[in-house]
Amino acid sequence: MKRLDVIIPQERLAEVNEILHRHKVGGMSFYDIKGRGRAKREPVSVGRGVMRYVPEFGFRTKIELLVSDALAPKIIKDLLKEISTGSASDGKIFVYDVVEAYDIGSKEEGDAAL
């Protein structure tokens, strides 16, 4: 079982959700995050629009999902193909091994718990 952490621009969430629906991924969690990296940040107007500054941190959305080992490469391939624009600001995908998973209500284990 794999855990995928996908960090993307906020406006790409609907596209990622559509890809996950196509692969019949049962669930995901997402939340808004702030951070800094290689992406270029655009100047922001403050006050009445007379002052501009470049913020230290950019806004992104982080998506967390658990999928079977066989499904992870397919999802990653589709995300790279459909979300990428060739820019450093497109985001990141991190893959982790998950040793065990349990569904508290049904008491199922492993892939069945997903």
# chains A, B, ... in the order shown; residues from 1 in each chain; ligands from 1
>>> residues_around(residues="A:Ile76", least_positions_apart="5", cutoff="12 Å", atoms="only C-alpha atoms", output="VMD selection string")
chain A and resid 2 to 6 16 19 to 20 23 65 67 69 to 71 81 to 84 92 to 95
>>> write_last_selection(atoms="C-alpha atoms", output="PDB file, in the first residue's frame")
ATOM      1  CA  LYS A   2       1.284   3.511  -0.834  1.00  0.00           C
ATOM      2  CA  ARG A   3       0.577   6.942   0.553  1.00  0.00           C
ATOM      3  CA  LEU A   4       0.784   9.734  -2.012  1.00  0.00           C
ATOM      4  CA  ASP A   5       1.288  13.330  -0.917  1.00  0.00           C
ATOM      5  CA  VAL A   6       0.555  15.610  -3.860  1.00  0.00           C
ATOM      6  CA  VAL A  16      -6.536  16.044  -9.637  1.00  0.00           C
ATOM      7  CA  ILE A  19      -8.017  11.897 -12.200  1.00  0.00           C
ATOM      8  CA  LEU A  20      -8.615  10.182  -8.861  1.00  0.00           C
ATOM      9  CA  HIS A  23      -8.966   5.537 -11.038  1.00  0.00           C
ATOM     10  CA  LEU A  65      -4.340   9.547  -0.327  1.00  0.00           C
ATOM     11  CA  VAL A  67      -3.819   3.482  -2.721  1.00  0.00           C
ATOM     12  CA  ASP A  69       0.758  -0.758  -4.672  1.00  0.00           C
ATOM     13  CA  ALA A  70      -0.505  -1.618  -8.170  1.00  0.00           C
ATOM     14  CA  LEU A  71      -2.553   1.576  -8.546  1.00  0.00           C
ATOM     15  CA  LYS A  81       0.973  13.729 -17.827  1.00  0.00           C
ATOM     16  CA  GLU A  82      -2.077  15.922 -17.176  1.00  0.00           C
ATOM     17  CA  ILE A  83      -0.990  18.375 -14.467  1.00  0.00           C
ATOM     18  CA  SER A  84       2.537  19.210 -15.612  1.00  0.00           C
ATOM     19  CA  LYS A  92       5.468  17.743  -6.122  1.00  0.00           C
ATOM     20  CA  ILE A  93       4.470  14.124  -5.513  1.00  0.00           C
ATOM     21  CA  PHE A  94       5.897  12.213  -2.568  1.00  0.00           C
ATOM     22  CA  VAL A  95       5.403   8.441  -2.230  1.00  0.00           C
TER      23      VAL A  95
END
>>> select_by_dssp(residues="chain A", states="alpha helix (DSSP H)", output="ChimeraX atom specification")
/A:13-22,72-83
>>> select_by_dssp(residues="chain A", states="strand (DSSP E)", output="number ranges by chain")
A: 2-8, 29-35, 44-46, 51-53, 58-67, 92-97
>>> atom_distance(atom1="atom CA of A:Gly35", atom2="atom CA of A:Ala101")
29.3 Å
>>> closest_residue(among="A:Ala39, A:Val98, A:Ile7, A:Ala88", to="A:Ser68", atoms="only C-alpha atoms")
A:Val98
>>> atom_distance(atom1="atom CA of A:Glu100", atom2="atom CA of A:Gly27")
17.0 Å
>>> residues_around(residues="A:Pro9", least_positions_apart="2", cutoff="12 Å", atoms="only C-alpha atoms", output="ChimeraX atom specification")
/A:6-7,11-16,31-35,39,41,58-63,83-85,87-92
>>> atom_distance(atom1="atom CA of A:Gly37", atom2="atom CA of A:Glu56")
9.8 Å
>>> closest_residue(among="A:Leu79, A:Gly110, A:Arg48, A:Arg38", to="A:Asn17", atoms="only C-alpha atoms")
A:Leu79
